[in-house]
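Undergrad: Following this line is structure_1.tsv, made up of TSV, C-alpha atoms:
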```
chain	number	residue	atom	x	y	z
N	1	MET	CA	-24.03	20.22	-39.80
N	2	HIS	CA	-26.65	17.63	-39.02
N	3	SER	CA	-24.09	15.11	-37.79
N	4	PHE	CA	-22.35	17.82	-35.73
N	5	GLY	CA	-25.51	18.41	-33.71
N	6	LYS	CA	-26.18	14.69	-33.34
N	7	ASN	CA	-22.67	13.95	-32.10
N	8	PHE	CA	-22.88	16.86	-29.70
N	9	VAL	CA	-26.20	15.90	-28.14
N	10	LYS	CA	-25.49	12.19	-27.62
N	11	GLY	CA	-22.85	12.82	-24.92
N	12	ILE	CA	-25.19	14.89	-22.79
N	13	ILE	CA	-27.97	12.43	-22.00
N	14	ARG	CA	-28.15	9.28	-24.09
N	15	SER	CA	-24.54	8.23	-23.50
N	16	ASN	CA	-23.64	10.51	-20.62
N	17	PRO	CA	-20.14	9.38	-19.62
N	18	THR	CA	-20.79	9.46	-15.88
N	19	PHE	CA	-24.41	8.49	-15.32
N	20	ILE	CA	-24.99	6.08	-18.21
N	21	LEU	CA	-21.58	4.68	-19.19
N	22	LEU	CA	-20.16	4.87	-15.62
N	23	LEU	CA	-16.73	5.84	-16.94
N	24	GLY	CA	-14.14	8.11	-15.38
N	25	LEU	CA	-15.73	8.01	-11.96
N	26	CYS	CA	-12.53	8.61	-9.99
N	27	PRO	CA	-12.20	12.39	-10.56
N	28	THR	CA	-15.97	12.91	-10.56
N	29	LEU	CA	-16.41	11.45	-7.10
N	30	ALA	CA	-13.12	12.63	-5.62
N	31	VAL	CA	-13.26	16.35	-6.33
N	32	SER	CA	-17.03	16.93	-6.22
N	33	THR	CA	-16.98	18.57	-2.80
N	34	SER	CA	-17.41	22.15	-4.03
N	35	LEU	CA	-18.61	24.02	-7.11
N	36	ASP	CA	-15.13	25.57	-7.52
N	37	ASN	CA	-13.63	22.12	-7.96
N	38	ALA	CA	-16.37	21.20	-10.42
N	39	VAL	CA	-15.57	24.25	-12.56
N	40	GLY	CA	-11.83	23.54	-12.48
N	41	MET	CA	-12.19	19.85	-13.25
N	42	THR	CA	-14.63	20.44	-16.11
N	43	ALA	CA	-12.37	23.09	-17.67
N	44	ALA	CA	-9.32	20.81	-17.47
N	45	PHE	CA	-11.30	17.87	-18.84
N	46	LEU	CA	-12.75	19.95	-21.70
N	47	PHE	CA	-9.31	21.19	-22.78
N	48	VAL	CA	-7.70	17.77	-22.74
N	49	LEU	CA	-10.57	15.96	-24.48
N	50	LEU	CA	-11.11	18.65	-27.13
N	51	VAL	CA	-7.45	19.01	-28.12
N	52	SER	CA	-6.75	15.27	-27.96
N	53	ASN	CA	-9.80	14.53	-30.13
N	54	ILE	CA	-8.67	17.14	-32.69
N	55	ILE	CA	-5.05	15.90	-32.82
N	56	ILE	CA	-5.99	12.23	-32.96
N	57	SER	CA	-8.61	12.84	-35.61
N	58	LEU	CA	-6.05	14.72	-37.73
N	59	LEU	CA	-3.48	11.94	-37.28
N	60	ARG	CA	-5.89	9.07	-37.79
N	61	ASN	CA	-4.63	8.16	-41.25
N	62	TYR	CA	-0.93	8.33	-40.33
N	63	VAL	CA	-0.69	6.38	-37.07
N	64	PRO	CA	-0.11	2.64	-37.65
N	65	ASP	CA	-2.83	0.54	-36.10
N	66	ARG	CA	-0.47	-1.46	-33.91
N	67	VAL	CA	1.03	1.44	-31.97
N	68	ARG	CA	-2.10	3.56	-31.79
N	69	ILE	CA	-2.77	3.15	-28.05
N	70	PRO	CA	0.74	4.26	-26.94
N	71	VAL	CA	0.52	7.19	-29.36
N	72	PHE	CA	-2.86	8.22	-27.92
N	73	ILE	CA	-1.53	7.96	-24.38
N	74	VAL	CA	1.51	10.13	-25.12
N	75	ILE	CA	-0.67	12.80	-26.75
N	76	ILE	CA	-3.09	12.79	-23.81
N	77	ALA	CA	-0.29	12.80	-21.22
N	78	SER	CA	1.38	15.80	-22.87
N	79	LEU	CA	-1.91	17.73	-22.85
N	80	VAL	CA	-2.49	16.84	-19.21
N	81	THR	CA	0.99	18.13	-18.34
N	82	ILE	CA	0.14	21.43	-20.07
N	83	VAL	CA	-3.11	21.76	-18.08
N	84	ASP	CA	-1.36	20.86	-14.84
N	85	LEU	CA	1.34	23.51	-15.32
N	86	MET	CA	-1.22	26.15	-16.40
N	87	LEU	CA	-3.36	25.56	-13.30
N	88	GLN	CA	-0.30	25.64	-11.02
N	89	GLY	CA	0.78	28.92	-12.61
N	90	PHE	CA	-2.49	30.83	-12.87
N	91	VAL	CA	-4.84	29.41	-10.19
N	92	PRO	CA	-2.59	27.84	-7.53
N	93	ALA	CA	-5.41	27.56	-4.96
N	94	LEU	CA	-7.58	25.53	-7.34
N	95	SER	CA	-4.60	23.45	-8.41
N	96	LYS	CA	-3.93	22.61	-4.78
N	97	SER	CA	-7.50	21.53	-4.04
N	98	LEU	CA	-7.70	19.35	-7.18
N	99	GLY	CA	-4.31	17.89	-6.26
N	100	MET	CA	-3.21	14.75	-8.03
N	101	TYR	CA	-6.58	14.30	-9.74
N	102	ILE	CA	-5.37	16.66	-12.49
N	103	PRO	CA	-2.39	14.48	-13.55
N	104	LEU	CA	-4.68	11.47	-13.17
N	105	ILE	CA	-6.82	12.74	-16.07
N	106	VAL	CA	-4.28	10.76	-18.16
N	107	VAL	CA	-5.87	7.51	-17.09
N	108	ASN	CA	-9.43	8.80	-17.31
N	109	CYS	CA	-11.19	6.11	-19.33
N	110	ILE	CA	-13.50	8.62	-21.03
N	111	ILE	CA	-10.66	10.42	-22.82
N	112	LEU	CA	-8.83	7.33	-24.05
N	113	GLY	CA	-12.20	5.76	-24.81
N	114	ARG	CA	-13.28	8.65	-27.04
N	115	ALA	CA	-9.90	8.65	-28.78
N	116	GLU	CA	-10.17	4.94	-29.52
N	117	ALA	CA	-13.89	4.71	-30.24
N	118	PHE	CA	-14.54	8.00	-31.99
N	119	ALA	CA	-11.71	10.39	-32.91
N	120	SER	CA	-9.56	7.71	-34.54
N	121	LYS	CA	-12.41	6.86	-36.91
N	122	ASN	CA	-14.12	10.19	-37.62
N	123	GLY	CA	-13.38	13.59	-39.14
N	124	VAL	CA	-12.27	16.68	-37.24
N	125	SER	CA	-15.61	18.51	-37.00
N	126	ASP	CA	-17.43	15.40	-35.77
N	127	SER	CA	-14.66	14.78	-33.26
N	128	ILE	CA	-14.97	18.34	-31.96
N	129	ALA	CA	-18.72	17.88	-31.56
N	130	ASP	CA	-18.14	14.59	-29.75
N	131	ALA	CA	-15.60	16.18	-27.38
N	132	LEU	CA	-17.85	19.13	-26.61
N	133	GLY	CA	-20.87	16.91	-25.99
N	134	MET	CA	-18.96	14.53	-23.75
N	135	SER	CA	-17.49	17.46	-21.79
N	136	VAL	CA	-20.92	18.99	-21.27
N	137	GLY	CA	-22.20	15.60	-20.09
N	138	PHE	CA	-19.23	15.18	-17.74
N	139	GLY	CA	-19.56	18.76	-16.49
N	140	LEU	CA	-23.28	18.36	-15.90
N	141	ALA	CA	-22.73	15.22	-13.84
N	142	ILE	CA	-19.94	16.68	-11.70
N	143	PHE	CA	-21.97	19.87	-11.17
N	144	VAL	CA	-25.07	18.01	-10.00
N	145	ILE	CA	-23.02	15.90	-7.57
N	146	SER	CA	-21.02	18.88	-6.29
N	147	PHE	CA	-24.20	20.93	-5.90
N	148	ILE	CA	-25.86	18.29	-3.72
N	149	ARG	CA	-22.74	17.53	-1.69
N	150	GLN	CA	-21.81	21.15	-1.01
N	151	LEU	CA	-25.38	22.23	-0.27
N	152	LEU	CA	-26.10	19.44	2.21
N	153	GLY	CA	-22.54	19.04	3.49
N	154	THR	CA	-21.92	22.69	4.37
N	155	GLY	CA	-25.42	24.16	4.27
N	156	GLU	CA	-24.40	26.86	1.80
N	157	LEU	CA	-23.30	27.26	-1.80
N	158	ASP	CA	-20.46	29.51	-2.85
N	159	LEU	CA	-18.57	29.97	-6.07
N	160	PHE	CA	-15.02	31.37	-5.94
N	161	GLY	CA	-15.59	33.10	-2.59
N	162	ARG	CA	-18.99	34.58	-3.43
N	163	SER	CA	-21.81	33.17	-1.37
N	164	LEU	CA	-24.73	32.17	-3.57
N	165	PHE	CA	-27.20	30.58	-1.23
N	166	THR	CA	-27.51	29.58	2.42
N	167	ILE	CA	-30.01	27.23	3.99
N	168	PRO	CA	-30.90	28.69	7.38
N	169	GLY	CA	-30.37	26.21	10.19
N	170	LEU	CA	-28.48	23.70	8.07
N	171	SER	CA	-25.32	25.81	7.87
N	172	ASP	CA	-24.91	25.59	11.65
N	173	ASN	CA	-25.44	21.83	11.74
N	174	PRO	CA	-24.50	20.57	8.28
N	175	VAL	CA	-24.86	16.92	7.29
N	176	SER	CA	-21.11	16.56	7.11
N	177	ILE	CA	-21.19	12.98	5.81
N	178	PHE	CA	-21.83	14.46	2.37
N	179	MET	CA	-18.40	16.08	2.46
N	180	LEU	CA	-16.75	12.78	3.37
N	181	PRO	CA	-15.81	10.32	0.60
N	182	MET	CA	-18.75	8.08	1.54
N	183	GLY	CA	-21.18	10.88	0.76
N	184	ALA	CA	-20.12	10.77	-2.90
N	185	PHE	CA	-21.01	7.08	-3.17
N	186	PHE	CA	-24.39	7.74	-1.59
N	187	VAL	CA	-25.19	10.67	-3.88
N	188	ILE	CA	-24.25	8.90	-7.11
N	189	GLY	CA	-26.03	5.68	-6.10
N	190	THR	CA	-29.22	7.56	-5.33
N	191	LEU	CA	-28.99	9.62	-8.52
N	192	LEU	CA	-28.52	6.48	-10.65
N	193	ALA	CA	-31.58	4.90	-9.05
N	194	LEU	CA	-33.53	8.12	-9.59
N	195	PHE	CA	-32.64	8.24	-13.30
N	196	ARG	CA	-33.67	4.64	-13.66
N	197	TRP	CA	-36.93	5.27	-11.89
N	198	MET	CA	-37.63	8.24	-14.16
N	199	GLY	CA	-36.86	6.06	-17.17
N	200	VAL	CA	-33.85	8.09	-18.40
N	201	SER	CA	-31.64	5.03	-18.28
N	202	LYS	CA	-32.49	1.36	-18.52
N	203	GLY	CA	-32.21	-1.09	-15.65
N	204	GLU	CA	-30.26	-4.33	-15.82
G	1	MET	CA	10.33	-0.27	11.36
G	2	SER	CA	7.32	1.23	13.14
G	3	ASN	CA	7.43	3.96	10.52
G	4	LEU	CA	7.08	1.37	7.76
G	5	LEU	CA	4.23	-0.34	9.61
G	6	ALA	CA	2.46	3.00	9.96
G	7	ILE	CA	2.78	3.60	6.21
G	8	PHE	CA	1.56	0.08	5.39
G	9	PHE	CA	-1.56	0.21	7.54
G	10	GLY	CA	-2.15	3.86	6.72
G	11	MET	CA	-2.28	3.08	3.01
G	12	ALA	CA	-4.21	-0.17	3.41
G	13	LEU	CA	-6.90	0.86	5.88
G	14	VAL	CA	-6.99	4.56	6.77
G	15	ASN	CA	-6.34	6.06	3.33
G	16	ASN	CA	-7.81	3.17	1.41
G	17	MET	CA	-7.27	3.57	-2.33
G	18	VAL	CA	-10.85	2.86	-3.30
G	19	LEU	CA	-12.99	4.07	-0.41
G	20	VAL	CA	-11.10	7.21	0.58
G	21	LYS	CA	-9.03	8.27	-2.44
G	22	PHE	CA	-11.49	7.10	-5.14
G	23	LEU	CA	-8.75	5.50	-7.20
G	24	GLY	CA	-9.38	2.37	-9.20
G	25	LEU	CA	-13.15	2.66	-9.16
G	26	CYS	CA	-13.56	1.11	-12.62
G	27	PRO	CA	-12.27	-2.35	-11.59
G	28	PHE	CA	-13.92	-1.90	-8.18
G	29	PHE	CA	-17.36	-1.85	-9.79
G	30	GLY	CA	-16.49	-3.76	-12.95
G	31	VAL	CA	-14.73	-6.84	-11.57
G	32	SER	CA	-16.43	-7.19	-8.18
G	33	LYS	CA	-19.28	-9.43	-9.28
G	34	LYS	CA	-17.48	-12.71	-8.59
G	35	LEU	CA	-15.19	-13.55	-5.69
G	36	SER	CA	-12.63	-15.50	-7.74
G	37	SER	CA	-12.13	-12.82	-10.38
G	38	ALA	CA	-12.01	-10.11	-7.69
G	39	PHE	CA	-9.15	-11.95	-5.99
G	40	SER	CA	-7.19	-12.35	-9.25
G	41	MET	CA	-7.68	-8.69	-10.11
G	42	GLY	CA	-6.56	-7.60	-6.65
G	43	ILE	CA	-3.38	-9.67	-6.82
G	44	ALA	CA	-2.61	-8.40	-10.33
G	45	VAL	CA	-2.99	-4.78	-9.19
G	46	LEU	CA	-0.84	-5.43	-6.10
G	47	LEU	CA	1.91	-6.90	-8.27
G	48	VAL	CA	1.89	-4.06	-10.80
G	49	MET	CA	1.79	-1.41	-8.03
G	50	LEU	CA	4.83	-2.93	-6.38
G	51	VAL	CA	6.88	-3.18	-9.59
G	52	ALA	CA	5.72	0.24	-10.81
G	53	SER	CA	6.73	1.93	-7.52
G	54	GLY	CA	10.07	0.14	-7.59
G	55	VAL	CA	10.79	1.42	-11.10
G	56	THR	CA	9.31	4.93	-11.05
G	57	TRP	CA	11.07	5.96	-7.82
G	58	PRO	CA	14.60	5.64	-9.28
G	59	VAL	CA	13.42	7.09	-12.59
G	60	TYR	CA	12.16	10.21	-10.80
G	61	HIS	CA	14.96	10.68	-8.28
G	62	LEU	CA	17.90	9.66	-10.46
G	63	LEU	CA	16.75	10.78	-13.90
G	64	LEU	CA	14.09	13.50	-13.75
G	65	ALA	CA	15.04	15.42	-10.59
G	66	PRO	CA	18.82	15.85	-11.28
G	67	TYR	CA	18.07	17.31	-14.73
G	68	GLY	CA	15.23	19.53	-13.46
G	69	VAL	CA	12.54	18.02	-15.68
G	70	GLU	CA	10.12	16.97	-12.92
G	71	PHE	CA	7.20	18.25	-15.01
G	72	MET	CA	7.71	15.32	-17.39
G	73	ARG	CA	6.67	12.85	-14.71
G	74	THR	CA	3.09	12.35	-15.96
G	75	VAL	CA	4.25	11.40	-19.46
G	76	ILE	CA	7.20	9.30	-18.30
G	77	PHE	CA	5.31	7.45	-15.55
G	78	ILE	CA	2.42	6.40	-17.76
G	79	LEU	CA	4.84	5.13	-20.42
G	80	VAL	CA	6.85	3.22	-17.81
G	81	ILE	CA	3.69	1.65	-16.37
G	82	ALA	CA	2.32	0.73	-19.81
G	83	SER	CA	5.55	-1.01	-20.80
G	84	LEU	CA	5.88	-2.69	-17.39
G	85	VAL	CA	2.42	-4.18	-17.72
G	86	GLN	CA	3.38	-5.57	-21.14
G	87	ILE	CA	6.60	-7.07	-19.78
G	88	ILE	CA	4.88	-8.59	-16.73
G	89	GLU	CA	2.22	-10.06	-19.01
G	90	MET	CA	4.85	-11.67	-21.26
G	91	ALA	CA	6.86	-12.92	-18.28
G	92	ILE	CA	3.85	-14.55	-16.64
G	93	LYS	CA	2.78	-16.09	-19.95
G	94	ARG	CA	6.21	-17.69	-20.36
G	95	THR	CA	6.72	-18.89	-16.79
G	96	ASN	CA	3.35	-19.82	-15.36
G	97	LEU	CA	0.48	-20.60	-17.70
G	98	THR	CA	-2.04	-21.29	-14.92
G	99	LEU	CA	-1.38	-17.89	-13.38
G	100	TYR	CA	-1.58	-16.31	-16.83
G	101	ASN	CA	-4.99	-17.83	-17.45
G	102	ALA	CA	-6.18	-16.46	-14.12
G	103	LEU	CA	-4.71	-12.95	-14.42
G	104	GLY	CA	-4.29	-12.59	-18.19
G	105	ILE	CA	-7.38	-10.61	-19.10
G	106	TYR	CA	-6.97	-8.22	-16.17
G	107	LEU	CA	-3.40	-7.19	-16.87
G	108	PRO	CA	-4.06	-4.94	-19.91
G	109	LEU	CA	-6.85	-3.22	-17.99
G	110	ILE	CA	-4.38	-2.24	-15.29
G	111	THR	CA	-2.53	0.17	-17.58
G	112	THR	CA	-5.43	2.58	-17.31
G	113	ASN	CA	-6.06	1.88	-13.64
G	114	CYS	CA	-5.72	5.16	-11.81
G	115	ALA	CA	-4.73	3.39	-8.59
G	116	VAL	CA	-1.39	2.32	-10.09
G	117	LEU	CA	-0.50	5.75	-11.45
G	118	GLY	CA	-1.91	7.25	-8.25
G	119	ILE	CA	0.40	5.34	-5.94
G	120	THR	CA	3.48	6.39	-7.94
G	121	PHE	CA	2.40	10.04	-7.60
G	122	ILE	CA	1.71	9.62	-3.88
G	123	ASN	CA	5.21	8.18	-3.37
G	124	ILE	CA	6.74	11.27	-4.98
G	125	ASP	CA	4.40	13.81	-3.35
G	126	GLN	CA	4.95	12.38	0.16
G	127	THR	CA	8.74	12.35	-0.47
G	128	TYR	CA	8.94	8.70	0.57
G	129	SER	CA	12.30	6.92	0.53
G	130	PHE	CA	12.71	3.90	-1.76
G	131	LEU	CA	11.83	1.42	1.00
G	132	GLU	CA	8.90	3.54	2.15
G	133	SER	CA	7.61	3.69	-1.45
G	134	LEU	CA	7.64	-0.08	-1.72
G	135	THR	CA	5.84	-0.38	1.62
G	136	ALA	CA	3.25	2.18	0.55
G	137	ALA	CA	2.66	0.25	-2.69
G	138	LEU	CA	2.32	-3.00	-0.80
G	139	GLY	CA	-0.15	-1.42	1.62
G	140	ALA	CA	-2.17	0.24	-1.13
G	141	GLY	CA	-2.34	-3.01	-3.09
G	142	ALA	CA	-3.32	-5.00	-0.02
G	143	GLY	CA	-6.03	-2.48	0.84
G	144	PHE	CA	-7.31	-2.57	-2.73
G	145	THR	CA	-7.45	-6.38	-2.73
G	146	LEU	CA	-9.15	-6.45	0.67
G	147	VAL	CA	-11.89	-4.04	-0.34
G	148	LEU	CA	-12.39	-5.77	-3.69
G	149	ILE	CA	-12.82	-9.14	-1.98
G	150	ILE	CA	-15.23	-7.81	0.66
G	151	MET	CA	-17.23	-6.04	-2.04
G	152	SER	CA	-17.48	-9.10	-4.27
G	153	GLY	CA	-18.58	-11.23	-1.33
G	154	ILE	CA	-21.35	-8.78	-0.57
G	155	ARG	CA	-22.38	-8.51	-4.22
G	156	GLU	CA	-22.64	-12.27	-4.62
G	157	ARG	CA	-25.17	-12.21	-1.77
G	158	LEU	CA	-26.86	-9.09	-3.10
G	159	ASP	CA	-27.81	-10.93	-6.29
G	160	LEU	CA	-30.13	-13.04	-4.17
G	161	ALA	CA	-31.55	-10.05	-2.29
G	162	ASP	CA	-34.53	-8.08	-3.43
G	163	PRO	CA	-33.83	-4.32	-3.40
G	164	PRO	CA	-36.26	-1.77	-4.88
G	165	LYS	CA	-36.35	-2.23	-8.65
G	166	ALA	CA	-34.65	1.08	-9.46
G	167	PHE	CA	-31.75	0.26	-7.15
G	168	LYS	CA	-31.00	-3.17	-8.62
G	169	GLY	CA	-27.45	-3.65	-9.92
G	170	THR	CA	-25.09	-0.66	-9.92
G	171	PRO	CA	-26.99	1.80	-7.68
G	172	ILE	CA	-27.16	-0.65	-4.79
G	173	ALA	CA	-23.45	-1.37	-5.31
G	174	PHE	CA	-22.71	2.32	-4.73
G	175	ILE	CA	-24.82	2.34	-1.58
G	176	THR	CA	-22.93	-0.76	-0.41
G	177	ALA	CA	-19.66	1.05	-1.08
G	178	MET	CA	-20.86	3.90	1.12
G	179	LEU	CA	-21.64	1.56	4.02
G	180	LEU	CA	-18.27	-0.16	3.53
G	181	GLY	CA	-16.58	3.23	3.63
G	182	LEU	CA	-18.40	4.16	6.83
G	183	SER	CA	-17.17	1.02	8.52
G	184	PHE	CA	-13.60	1.78	7.36
G	185	LEU	CA	-13.89	5.15	9.13
G	186	ALA	CA	-13.37	3.20	12.34
G	187	PHE	CA	-9.69	2.77	11.37
G	188	ASN	CA	-9.20	6.53	11.36
G	189	GLY	CA	-7.55	6.90	14.73
G	190	MET	CA	-5.26	3.93	14.17
G	191	VAL	CA	-2.19	5.52	12.63
```
Could you rewrite the structure in this file as structure tokens?
TA:
Amino acid sequence: MHSFGKNFVKGIIRSNPTFILLLGLCPTLAVSTSLDNAVGMTAAFLFVLLVSNIIISLLRNYVPDRVRIPVFIVIIASLVTIVDLMLQGFVPALSKSLGMYIPLIVVNCIILGRAEAFASKNGVSDSIADALGMSVGFGLAIFVISFIRQLLGTGELDLFGRSLFTIPGLSDNPVSIFMLPMGAFFVIGTLLALFRWMGVSKGE
Amino acid sequence: MSNLLAIFFGMALVNNMVLVKFLGLCPFFGVSKKLSSAFSMGIAVLLVMLVASGVTWPVYHLLLAPYGVEFMRTVIFILVIASLVQIIEMAIKRTNLTLYNALGIYLPLITTNCAVLGITFINIDQTYSFLESLTAALGAGAGFTLVLIIMSGIRERLDLADPPKAFKGTPIAFITAMLLGLSFLAFNGMV
């Protein structure tokens, strides 16, 4: 139980996949324009990482070392196809706004990285803890970025059609650069500097 | 012809892979510290994009679509790209050792480069013809190389600059990417 907690916690701050390891940035930056997208992306990511970690951990003693990467990729790609079809079937609007970034989870370095570095060497319960921790870390990062971009870029926050919060004045004249792709670079650059300044992560 | 030109410049400048679509960010920040390695990486990606588009288009339209198994495209495409990268690596190793020494270490990385898989999906989603797909791949690869080279040039200079301590390294690279993206906005009305 001790190792479960340790493996869970490490993904959230100490080796946060987005802010510390700088892995899997493509989906994080591309879809972080609204909280809806953040929820959808995190859910898809959690499912794929959790199931792939479980399967790969179970298979770790049967897959020959030489063909392990292709095997991992096929497992991950099949899971991504399942998620893609589920989203298209049950939440078509969300599926449309996430677009091709859902199938592109296949090449997300975090998932293959965890399969190679962790699940293929550790037991099932540790792998589950690792997947959950990494997903929370990923979700946290995409939520923070989406929160800032949506708040400043549109002047209001809403989640699945319900308005949560509006900044008076800003919603009429929003800082629309935050909704553009460049805004994502600016937000993550500033956040990284902030974490470094606060001492959460080390400088170079 | 003008249609093909529009696709080429659209993919290279207006819908730039890195700055607008956020594809291939890992090599963009990982390999952009030195001009020479940035150039090699860009050319390697361009090559793989071109071959991958040329192979996945017939696979999709002649194999997957007629049998109604379009949903298999994620699995099939990633397998095709992974094997292509292996074959290209072996072919370059056999034919041109100098080129292999320059590109060698970047080729395996390209398998998990989302820009390559991304362009094959874009070709299918935009219902491009075979020739249009190749043009789109060429444009996307050229745009990727261009941005990578500009970025590495700036970063070589940035090493000598003196930004605030917290911004040193990666954070200032992100800010640079934002400014680069802003300047690419000027191409918006072009196509």
Undergrad: Measuring between all atoms listed in the file, which one of N:Ile73, N:Ala129, N:Ile177, N:Cys109 shows the shortest distance to Leu109 in chain G?
TA: N:Cys109
Undergrad: Taking only C-alpha atoms into account, which of G:Ile92, G:Gly42, G:Leu99, G:Gln86 comes nearest Val18 in chain G?
TA: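 The answer is G:Gly42, which sits nearest to Val18 in chain G.
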Undergrad: Considering only C-alpha atoms, tabulate each residue of chain N that lies at most 9 Å from chain G along with its nearest interatomic pair and the corresponding distance in Å to one decimal; arrange the rows by chain and ascending residue number and present them as a tab-separated table.
TA:
```
residue	atom	partner	partner_atom	distance
N:Leu22	CA	G:Cys26	CA	8.2
N:Leu23	CA	G:Cys26	CA	7.1
N:Gly24	CA	G:Cys26	CA	7.5
N:Leu25	CA	G:Leu25	CA	6.6
N:Cys26	CA	G:Phe22	CA	5.2
N:Pro27	CA	G:Phe22	CA	7.6
N:Leu29	CA	G:Phe22	CA	6.9
N:Ala30	CA	G:Phe22	CA	5.8
N:Pro70	CA	G:Leu79	CA	7.8
N:Ile73	CA	G:Ile78	CA	7.9
N:Val74	CA	G:Val75	CA	6.4
N:Ile75	CA	G:Val75	CA	8.9
N:Ile76	CA	G:Val75	CA	8.6
N:Ala77	CA	G:Val75	CA	5.1
N:Ser78	CA	G:Val75	CA	6.3
N:Val80	CA	G:Thr74	CA	7.9
N:Thr81	CA	G:Thr74	CA	6.6
N:Asp84	CA	G:Phe71	CA	9.0
N:Leu85	CA	G:Phe71	CA	7.9
N:Met100	CA	G:Phe121	CA	7.3
N:Tyr101	CA	G:Gly118	CA	8.6
N:Pro103	CA	G:Thr74	CA	6.4
N:Leu104	CA	G:Cys114	CA	6.5
N:Ile105	CA	G:Cys114	CA	8.8
N:Val106	CA	G:Thr74	CA	7.9
N:Val107	CA	G:Thr112	CA	5.0
N:Asn108	CA	G:Thr112	CA	7.4
N:Cys109	CA	G:Thr112	CA	7.1
N:Leu112	CA	G:Thr112	CA	8.9
N:Leu180	CA	G:Val20	CA	8.4
N:Pro181	CA	G:Val20	CA	5.6
N:Met182	CA	G:Met178	CA	4.7
N:Gly183	CA	G:Met178	CA	7.0
N:Ala184	CA	G:Met178	CA	8.0
N:Phe185	CA	G:Phe174	CA	5.3
N:Phe186	CA	G:Ile175	CA	5.4
N:Val187	CA	G:Ile175	CA	8.6
N:Ile188	CA	G:Phe174	CA	7.2
N:Gly189	CA	G:Pro171	CA	4.3
N:Thr190	CA	G:Pro171	CA	6.6
N:Leu191	CA	G:Pro171	CA	8.1
N:Leu192	CA	G:Pro171	CA	5.8
N:Ala193	CA	G:Ala166	CA	4.9
N:Leu194	CA	G:Ala166	CA	7.1
N:Phe195	CA	G:Ala166	CA	8.4
N:Arg196	CA	G:Ala166	CA	5.6
N:Trp197	CA	G:Ala166	CA	5.4
N:Gly203	CA	G:Ala166	CA	7.0
N:Glu204	CA	G:Gly169	CA	6.6
```
Undergrad: What's the 9 Å shell around range 56-62 of chain G, counting only C-alpha atoms, without same-chain residues fewer than 6 positions away, as a PDB file with C-alpha atoms, in the coordinates of the input?
TA:
```pdb
ATOM      1  CA  GLU G  70      10.120  16.970 -12.920  1.00  0.00           C
ATOM      2  CA  ARG G  73       6.670  12.850 -14.710  1.00  0.00           C
ATOM      3  CA  ILE G  76       7.200   9.300 -18.300  1.00  0.00           C
ATOM      4  CA  PHE G  77       5.310   7.450 -15.550  1.00  0.00           C
ATOM      5  CA  VAL G  80       6.850   3.220 -17.810  1.00  0.00           C
ATOM      6  CA  ILE G  81       3.690   1.650 -16.370  1.00  0.00           C
ATOM      7  CA  THR G 120       3.480   6.390  -7.940  1.00  0.00           C
ATOM      8  CA  ASN G 123       5.210   8.180  -3.370  1.00  0.00           C
ATOM      9  CA  ILE G 124       6.740  11.270  -4.980  1.00  0.00           C
ATOM     10  CA  SER G 129      12.300   6.920   0.530  1.00  0.00           C
ATOM     11  CA  PHE G 130      12.710   3.900  -1.760  1.00  0.00           C
ATOM     12  CA  SER G 133       7.610   3.690  -1.450  1.00  0.00           C
TER      13      SER G 133
END
```
Undergrad: Around range 6-9 of chain N, with edges along x, y and z and 4 Å added on all six sides, what centre and edge lengths do you get, in Å to one decimal, as lines of an AutoDock Vina configuration file?
TA:
```
center_x = -24.4
center_y = 15.4
center_z = -30.7
size_x = 11.5
size_y = 10.9
size_z = 13.2
```
Undergrad: With a distance cut-off of 10 Å and only C-alpha atoms, select the neighbouring residues of Phe147 in chain N, excluding the residue or stretch itself and same-chain residues fewer than 6 positions from it, and output the selection as a VMD selection string.
TA: chain N and resid 32 to 35 38 141 153 156 to 158
Undergrad: Write a file of the just-selected residues containing C-alpha atoms, as a short mmCIF file (atom, residue, chain, number, x, y, z; two decimals), in the frame of the given file.
TA:
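Written file, out05.cif:
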```
data_model
loop_
_atom_site.label_atom_id
_atom_site.label_comp_id
_atom_site.auth_asym_id
_atom_site.auth_seq_id
_atom_site.Cartn_x
_atom_site.Cartn_y
_atom_site.Cartn_z
CA SER N 32 -17.03 16.93 -6.22
CA THR N 33 -16.98 18.57 -2.80
CA SER N 34 -17.41 22.15 -4.03
CA LEU N 35 -18.61 24.02 -7.11
CA ALA N 38 -16.37 21.20 -10.42
CA ALA N 141 -22.73 15.22 -13.84
CA GLY N 153 -22.54 19.04 3.49
CA GLU N 156 -24.40 26.86 1.80
CA LEU N 157 -23.30 27.26 -1.80
CA ASP N 158 -20.46 29.51 -2.85
#
```
